[in-house]
Every structure is written in structure tokens, then in C-alpha cells.
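Chemist: Below you'll find my_file.cif; it's mmCIF, C-alpha atoms.
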```cif
data_model
#
loop_
_atom_site.label_atom_id
_atom_site.label_comp_id
_atom_site.auth_asym_id
_atom_site.auth_seq_id
_atom_site.Cartn_x
_atom_site.Cartn_y
_atom_site.Cartn_z
CA MET E 614 98.77 90.53 98.34
CA THR E 615 101.35 90.92 95.57
CA CYS E 616 104.06 93.48 95.08
CA LEU E 617 106.03 94.04 91.91
CA VAL E 618 109.50 95.05 93.02
CA LYS E 619 110.76 96.10 89.57
CA THR E 620 109.99 99.78 90.09
CA LEU E 621 111.61 99.75 93.51
CA LEU E 622 114.69 97.95 92.19
CA GLU E 623 115.13 100.51 89.42
CA GLU E 624 114.40 103.40 91.79
CA ILE E 625 117.14 102.40 94.21
CA GLY E 626 119.61 101.28 91.55
CA ILE E 627 119.69 97.49 91.79
CA LEU E 628 119.78 95.84 88.40
CA GLU E 629 119.19 92.24 89.43
CA LEU E 630 119.02 90.07 92.54
CA THR E 631 121.02 86.88 93.05
CA SER E 632 119.28 83.71 94.19
CA GLU E 633 120.89 84.16 97.64
CA GLN E 634 119.49 87.70 97.88
CA VAL E 635 116.04 86.46 96.89
CA GLU E 636 116.23 83.77 99.61
CA ALA E 637 117.25 86.38 102.18
CA LEU E 638 114.46 88.66 101.01
CA CYS E 639 111.89 85.90 101.57
CA ALA E 640 113.25 85.11 105.04
CA ILE E 641 113.19 88.79 106.01
CA ALA E 642 109.61 89.22 104.80
CA GLU E 643 108.43 86.11 106.68
CA LYS E 644 110.17 87.17 109.90
CA ALA E 645 108.72 90.70 109.74
CA ALA E 646 105.17 89.40 109.25
CA ARG E 647 105.53 86.83 112.05
CA ASN E 648 107.03 89.36 114.46
CA HIS E 649 104.21 91.79 113.77
CA VAL E 650 101.49 89.24 114.48
CA LEU E 651 103.20 88.02 117.64
CA SER E 652 103.70 91.60 118.84
CA LYS E 653 99.92 92.09 118.75
CA VAL E 654 98.67 88.69 119.96
CA PRO E 655 100.36 86.33 122.44
CA SER E 656 101.62 83.19 120.70
CA ARG E 657 99.51 80.97 122.98
CA ARG E 658 96.40 82.69 121.55
CA VAL E 659 97.37 82.01 117.93
CA SER E 660 95.93 78.71 116.70
CA VAL E 661 97.25 79.00 113.14
CA LEU E 662 99.87 81.30 111.69
CA ASN E 663 100.89 80.47 108.14
CA ILE E 664 103.06 82.93 106.28
CA THR E 665 103.94 82.21 102.69
CA VAL E 666 106.43 84.30 100.73
CA ASP E 667 106.84 83.38 97.08
CA THR E 668 108.92 85.04 94.42
CA GLU E 669 108.83 84.86 90.67
CA GLY E 670 111.71 85.86 88.42
CA PHE E 671 114.91 87.71 89.15
CA LYS E 672 114.52 90.75 86.92
CA PRO E 673 111.98 91.96 87.85
CA VAL E 674 111.17 90.12 91.05
CA THR E 675 107.51 89.64 91.92
CA ILE E 676 106.86 88.96 95.58
CA ASN E 677 103.68 87.38 96.91
CA VAL E 678 103.04 87.43 100.66
CA GLU E 679 100.12 85.57 102.18
CA VAL E 680 99.34 85.64 105.88
CA GLU E 681 96.78 83.22 107.33
CA ILE E 682 95.82 83.70 110.96
CA ASN E 683 93.35 81.85 113.16
CA LEU E 684 93.09 82.92 116.75
CA SER E 685 92.02 81.00 119.81
CA PRO E 686 88.28 81.01 120.48
CA LEU E 687 89.15 82.81 123.73
CA ILE E 688 89.93 85.94 121.70
CA LYS E 689 86.71 87.53 120.60
CA ASN E 690 86.03 90.57 118.43
CA TYR E 691 89.57 90.79 117.07
CA ASP E 692 89.92 92.00 113.49
CA VAL E 693 92.04 89.15 112.13
CA LYS E 694 91.82 90.41 108.55
CA LYS E 695 93.24 93.78 109.60
CA LEU E 696 96.03 92.02 111.51
CA ALA E 697 96.89 89.93 108.43
CA ASN E 698 96.95 93.05 106.23
CA GLU E 699 99.19 94.86 108.72
CA ALA E 700 101.54 91.87 108.83
CA THR E 701 101.69 91.81 105.04
CA LYS E 702 102.52 95.52 104.98
CA GLN E 703 105.27 94.96 107.54
CA ALA E 704 106.70 92.23 105.31
CA PHE E 705 106.81 94.57 102.31
CA ASP E 706 108.31 97.37 104.41
CA ALA E 707 111.06 94.97 105.51
CA VAL E 708 111.66 93.96 101.88
CA GLU E 709 112.02 97.61 100.90
CA ALA E 710 114.47 98.26 103.75
CA TYR E 711 116.52 95.20 102.72
CA LEU E 712 116.65 96.33 99.09
CA ARG E 713 117.72 99.83 100.11
CA GLU E 714 120.45 98.30 102.29
CA LEU E 715 121.65 96.23 99.33
CA ALA E 716 121.77 99.35 97.18
CA CYS E 717 123.90 101.15 99.76
CA LYS E 718 126.33 98.22 99.98
CA SER E 719 126.62 97.98 96.19
CA LYS E 720 127.54 101.68 95.93
CA ARG E 721 130.54 101.28 98.24
#
```
For the structure just supplied, provide its representation as C-alpha cells.
Modeler:
Amino acid sequence: MTCLVKTLLEEIGILELTSEQVEALCAIAEKAARNHVLSKVPSRRVSVLNITVDTEGFKPVTINVEVEINLSPLIKNYDVKKLANEATKQAFDAVEAYLRELACKSKR
């Protein structure tokens, strides 16, 4: 799943992100996705959890979030695709919250 953040950046009044802010943004997105998955499935039942957050550019920033989940064979009939999509959404929600927080700090 890919999200173009340009519109959001302009909407909340951030002209450009620094490399440190982009790094923080990636870490926040990864943590949000991981926390979501582990809030739904015990870690001992997760065989594979790979979360990749990539960015391209600084103005605008394009963010790509990929969530790969494989569960233990003991868990049956669990919609892993839905869980991955929810985790991706949580990552983008966390990115939006971070950008809004940056905008508030820059207005002070």
C-alpha cells in the first residue's frame, strides 16, 4: 500500500521534512503496524512479521508500507490479509498524527 503525503503536508502546513523527521516517521509507522498485529495475535503465534516502511523524496514524501504476516499453523481461519491491511492503516494513521504534531510544534 502506498500513500502520497504531499496533500497532507500542504493541508497541515509543513513545507518539507528533514531527513531526521523522515526517519522518525518510518519508525513510528513500523511501530504502529507491529503493535496492531501483536494486539490482535499473541507473538508466540506469529511465525513471520515483516514490516517494511520506505520513503521516496522529501517534497513531497511518498511512503510505502508493506506488512507480511504468517501465523502459526495452530491458528486456523484467521483473516491474515485483513490483519495486514488493518496494520497498514494503523501505520498511516500514526504517520498522519506525527505530521500533525510536527505542524503544531512548527507554529509555536
Chemist: Please compute the CA of Ala697 in chain E-CA of Ala716 in chain E distance, one decimal, in Å.
Modeler: 28.9 Å
Chemist: Can you work out the spacing between CA of Asp667 in chain E and CA of Tyr711 in chain E in Å, to one decimal?
Modeler: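 Computing the Euclidean distance for CA of Asp667 in chain E and CA of Tyr711 in chain E yields 16.3 Å.
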Chemist: From the options E:Val678, E:Ser632, E:Val661, E:His649, which residue's atoms come nearest to Val708 in chain E, counting only C-alpha atoms?
Modeler: E:Val678
Chemist: Point out the residue among E:Tyr691, E:Glu633, E:Ile641, E:Asn698 with the least atom-to-atom distance to Ala710 in chain E, counting all atoms listed in the file.
Modeler: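 Under the stated criterion, the closest residue is E:Ile641.
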Chemist: Would you mind telling me which residue in E:Leu715, E:Leu684, E:Val674, E:Ala642 lies nearest to Thr701 in chain E when using only C-alpha atoms?
Modeler: E:Ala642
Chemist: Find, counting all atoms listed in the file, the residue in E:Thr675, E:Glu681, E:Asn663, E:Leu712 that gets nearest to Leu696 in chain E.
Modeler: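 When distances to Leu696 in chain E are compared using all atoms listed in the file, the smallest one comes from E:Glu681.
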Chemist: In Å, how far is it from CA of Glu636 in chain E to CA of Ala707 in chain E?
Modeler: 13.7 Å
Chemist: Between E:Val666, E:Cys639, E:Lys702, E:Val650, single out the one closest to Ile682 in chain E, counting all atoms listed in the file.
Modeler: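 Among the listed residues, the smallest separation from Ile682 in chain E belongs to E:Val650.
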Chemist: Name the residues in contact with Pro686 in chain E at a cut-off of 12 Å, using all atoms listed in the file, excluding same-chain residues fewer than 6 positions from it; report them as number ranges by chain.
Modeler: E: 657-661
Chemist: Counting only C-alpha atoms, which of E:Thr665, E:Ser685, E:Arg713, E:Asn690 gets nearest to Ala640 in chain E?
Modeler: E:Thr665
